[in-house]
Amino acid sequence: MVSSQVQRCVSQLNYNMWYKVKPTCTVTGWMYAFDFPWPAEKWYAEQRLKCFVRRRKWIRFRNYTAFNTWVKVPGIREDGMEEPFIDIAVGGQEISGIASDYLAIWAVTIRGRVCYREGISQNNPEGSSWKEVLGPGDSEVNQISVGPTGLVWAVTWNGKILARSGITKDNITGTGWYEVPSPEEKLYQISVGSNAVWGVGLDGIVWFRKNVHGAMAGTQKEACIGTGWVQMVGHMALINVGVSDQVFGIGKQDRKLYFRTGVTRVDLSGKVWQLIDARIKTPFSNTYSMSSISSIDSASLVSSSSNQSLLKTFGSLQNVNDQTGCVSKSDFSDNASDAESRDLKIKSLASVSLSSLISRNTEVGDNGLEVFTHSTRQEQEATDEQTLQIKEEVDIFSKRLSSTSLSSTVSETMFNFCEALQVNDRDSKVFTSCEEEEEFGGNTHEILVHSCEDENSSLQDSTPLSEKSVADTRLGGVASHRTTRQLRNESESQSCCSSVTSLEADTRDVFPDALWDTGAVEWMWVSATGCEFEPKVLPSGWFSSGKKQKSNSASVKHEAWYKEISKRLRDRNIKQIVPYTDYKQAIEKSSWVKEADFQLWDERQGWVDCSVQLELKGTSSCEMNDGTLTCTYKKGHNLKNLQLFIGEITCVLRINDVSRYSVLAIYTAKRTTTLTPLKLAAMSDAAVEEWVKAISSACCDLRSARSPPPENACWALTGRGDIFVHEMLPSIETTLCKQMFWHRLDGHLHMVESSNAGVVWGLGYNNTAWFFTGSEEQLKMTDVREIYIYENQRWNPLTGYSHNYRIPTDRPSWSDRSGRQELAKETIKTPSIHWQWISEWGIDYSTPGGTDDMGWQYAPDFPRIFHKKKCMSDYVRRRRWVRKCKLITSGPWKEVGTLPLLGLSLQVDPPQWLPKNSCIALWAVDLNGNVLCRLGVTKDCPQGASWVHVPADQPFSCISVGGSYRVWGVAKDGSTFLRNEVMPDEPTGTCWFQVAPPSGHKANYVSVGQTSVWLVDTLGNLYFRKDVMPIFPEGTAWLYVCAGIRHVSVGPLDQVWAIADMENVTGAICRRVGITSETPRGTGWDVGIRGGWSYISVRGCIDADITDDIMESDAQVTSRGLLSNECNQAVC
């Protein structure tokens, strides 16, 4: 920290000495320049002739010393009581693009003023100062809440609800206030989450706010204030929203702690309130042992007249040092008031001395279970010294017992106590832990769980309890003893020990109820802002009290009112149901309806409000057989209904729309042909995902789509990383692309490769390899993606390169790669709400083609090929900016090691065409361009065993494994290679054979089928390799096919599928038609769903029962007239 900043630091920081920051090129730390102020790049480490000023930077370290302690934070006035705070809220930990240690602290004073705490960081958690935020006019705020995304809501004294507008990473305190309409009653408390707002009314009614989207609240009003209130079941006194929008509450009547179950990203309102078992272990039950007192056979020692002595005795016990177990010598004073008091002192001393020795190494864990810890060597020595002192004191006191008439019970207790000390000395394992730490595996704590419901234990044993307690500690060589509650339960179950029960009752009269573990706690306040857990796997023991409630509900069956209601229901069933059991059911269908409000895209009106209704119809056995999707919107002055049958829908996916952030597109065969998908926009990503899942699930149920997908399925990916599958049929090559049904699979990938053996691999955006497990188990998946934006400038003779002097045909100052879409760094969002920014915008120096020192690339004009060195004829330049975001999701995918891969390919041959017991060939390329071969890949072991390096003369960028183990690859310089003599016995082959790429072009991607090879160059041109034969696998020449291809995939029957850009639409699924022996390049494309696709794999698309003698080509299929003439409409 520079010196000017150090003067503002708080007193909680300890500083070291000042020292100079020394640049690497000088010793004194000075930097020189011409004058003040001067650009940073013109300060030099060495003094020059034109340098007349100099500077050097000083820095000082600081250490924060107030961790794990409470530090007083000053108020807004010097006298904190003049205007104290009445409410405080913490949040902002999920604001994208801000420091990871940032927290938003908002507070409200007793005068209704709103304040914001500035300077919060990990090194300065108490902040630096309070900043007053202008309140909402004449209203005074009473309560405030801050969500993880920085969204702020407040409640005023008169019941108004306010939401802070304009909160972004650049303006963290916002710009103003929105007034939110109140529900039917006034609220007095609000709690804000990431995408949820909950409130509590004056009479305890709980309210939930719909369609709140915290990530977009700073820029959109509707995302900030939501759309409506929903009344929830239950009455609460206080409510709090924690991490992941999990909700906790305190009951209105019973003041108990409740948790809202079923809260997910799709259903933020949850299901039901469930009681949390939140009992508190009290000091008495955790500290003192009643074992010696419980062993008294007579209750005459404690009477109503001796309560005062008993209180004095326990008062003296508070002088016991809790950490060492030392008892003050004053407790052995001869000035006892009477014999009973003296006897009780002796018994109490015996009890507490033994308890203190045992509890010295004892803590109380969850649910009252005893946890025995290993002490340090210093603590052990102190304990041994205190043990010797107690023994000496007991010996001295025992001599006095001979001259004093004591009851037999007290004498027996003292004898047992002394014997216990001797046993304790013999069994050093109980209290000596330094030597045992290695024996128990070096664990710091050893835990023993004792059941409080031991039915075999009995107090009728003749062994005295003090001796029995110590004997229990020797089990397994680990210290242990039974709890007070267990001894009380055992004593109460024995009729002969009624005196002990009366003793306990008298002792309860002496001590307050707070010292006993009754479990009756009335909660006043709860905060779960820092409570992070998995909602699907709640911590064990939270809802243990639910079992007790279940047993209580069973007793309701014996109540008179319950019996009366049950009788009436049975009588009605006899009258209305039984007489008609022989009749056939008149209605065998049932329907389920789901409704929501969206915005519909109309070609003439643009985005219009509409009501969407999804109706599913099924039989009485819940089998779905029909369904409709109806959109009702206003066109002019009339209402119009647009209806789709579920059986017509071919795909439902999210798309990127410039005007809207959350848009889903619904495709049918007809709408795919006319390029008019049904577009619906929602306020939040959660609503879009909910409806995508609902419609897709209905389509899969109606079409009986299988999960997991079959081995011959076709796999495709969207630009968002969503995984889609089409279940291939034997007539796949005769089905039009527009009629293919695609359904979504859980997970997130950037690249996917399939095979007919059932092995599927994929790569994430962070180059992590995953394989498909084929099960319904959802495993955790993570991915990191880079988002790019391009900065464009044109050269001007007066000012040089600038954003301001561009001609009308130039690209925008900030755009995407193509330059067609204008962008801005401030408005670019993550692909979905599940992604989170993990870095700021920075210049990308790894742009393909290279850059100069400032990250720029140059060209004569837009659009041209850019290069890194500026030439005299270069009048435009661009540079790429990059920002990273991270995704955490789940799916049936499992990670394969930690080696990042650039590309991979699976063998295209079906298993029945391979030698028996042979493995599947899988080749890959890592980030450094090394070619790798995976050994041991089979259907039963899809992840394989290990990687084998395949040597190559230069780094590769792409690899493809075709039929009969033919392996082709593309080097990073654009050249192509063929691997020679790859066989099952020689999985890595022998050598590389270089094949010349298309003349004047560089290869980018290659895909090899059973007998054909197809290639895509860096400009998107598609080529076919001529004359590829088993005796001449390298072929003779490259034949041009068409342009505008982003990706190509060749299947086991040499069928060709691609992702193409056409007619101003990027990412359309296409299938090559007309491929025959006379026209091996085909004649045209059958175009399917357009827009949003980035990758396709048909490497496993072949019928499982097909054999060599029944294989037929596309020419044979065409001759039978199975291909529609529509396939040839779009010919390159």
# chains A, B, ... in the order shown; residues from 1 in each chain; ligands from 1
$ residues_around --residues "Ile695 in chain A" --least-positions-apart "4" --cutoff "9 Å" --atoms "only C-alpha atoms" --output "PyMOL selection string"
chain A and resi 614+629+646+652+690-691+699-700
$ write_last_selection --atoms "C-alpha atoms" --output "PDB file, in the first residue's frame"
ATOM      1  CA  LEU A 614     -49.315 -26.638 -22.363  1.00  0.00           C
ATOM      2  CA  LEU A 629     -49.224 -26.102 -26.998  1.00  0.00           C
ATOM      3  CA  ILE A 646     -46.873 -32.074 -29.322  1.00  0.00           C
ATOM      4  CA  VAL A 652     -37.085 -27.261 -28.426  1.00  0.00           C
ATOM      5  CA  GLU A 690     -38.431 -24.856 -16.948  1.00  0.00           C
ATOM      6  CA  TRP A 691     -40.529 -24.721 -20.114  1.00  0.00           C
ATOM      7  CA  CYS A 699     -42.279 -34.838 -26.608  1.00  0.00           C
ATOM      8  CA  CYS A 700     -40.040 -37.654 -25.355  1.00  0.00           C
TER       9      CYS A 700
END
$ residues_around --residues "Val908 in chain A" --least-positions-apart "5" --cutoff "8 Å" --atoms "only C-alpha atoms" --output "list in words"
Ser755, Asn756, Val961, Gly962, Gly963, Gly1009, Gln1010, Gly1051, Pro1052, Arg1099 and Gly1100 of chain A
$ residues_around --residues "range 108-123 of chain A" --least-positions-apart "2" --cutoff "6 Å" --atoms "only C-alpha atoms" --output "ChimeraX atom specification"
/A:84-87,101-102,105-106,125,127-133,140-142
$ residues_around --residues "Leu899 in chain A" --least-positions-apart "4" --cutoff "8 Å" --atoms "only C-alpha atoms" --output "list in words"
Thr768, Ala769 and Asp926 of chain A
$ atom_distance --atom1 "CA of Ser846 in chain A" --atom2 "CA of Val1008 in chain A"
29.8 Å
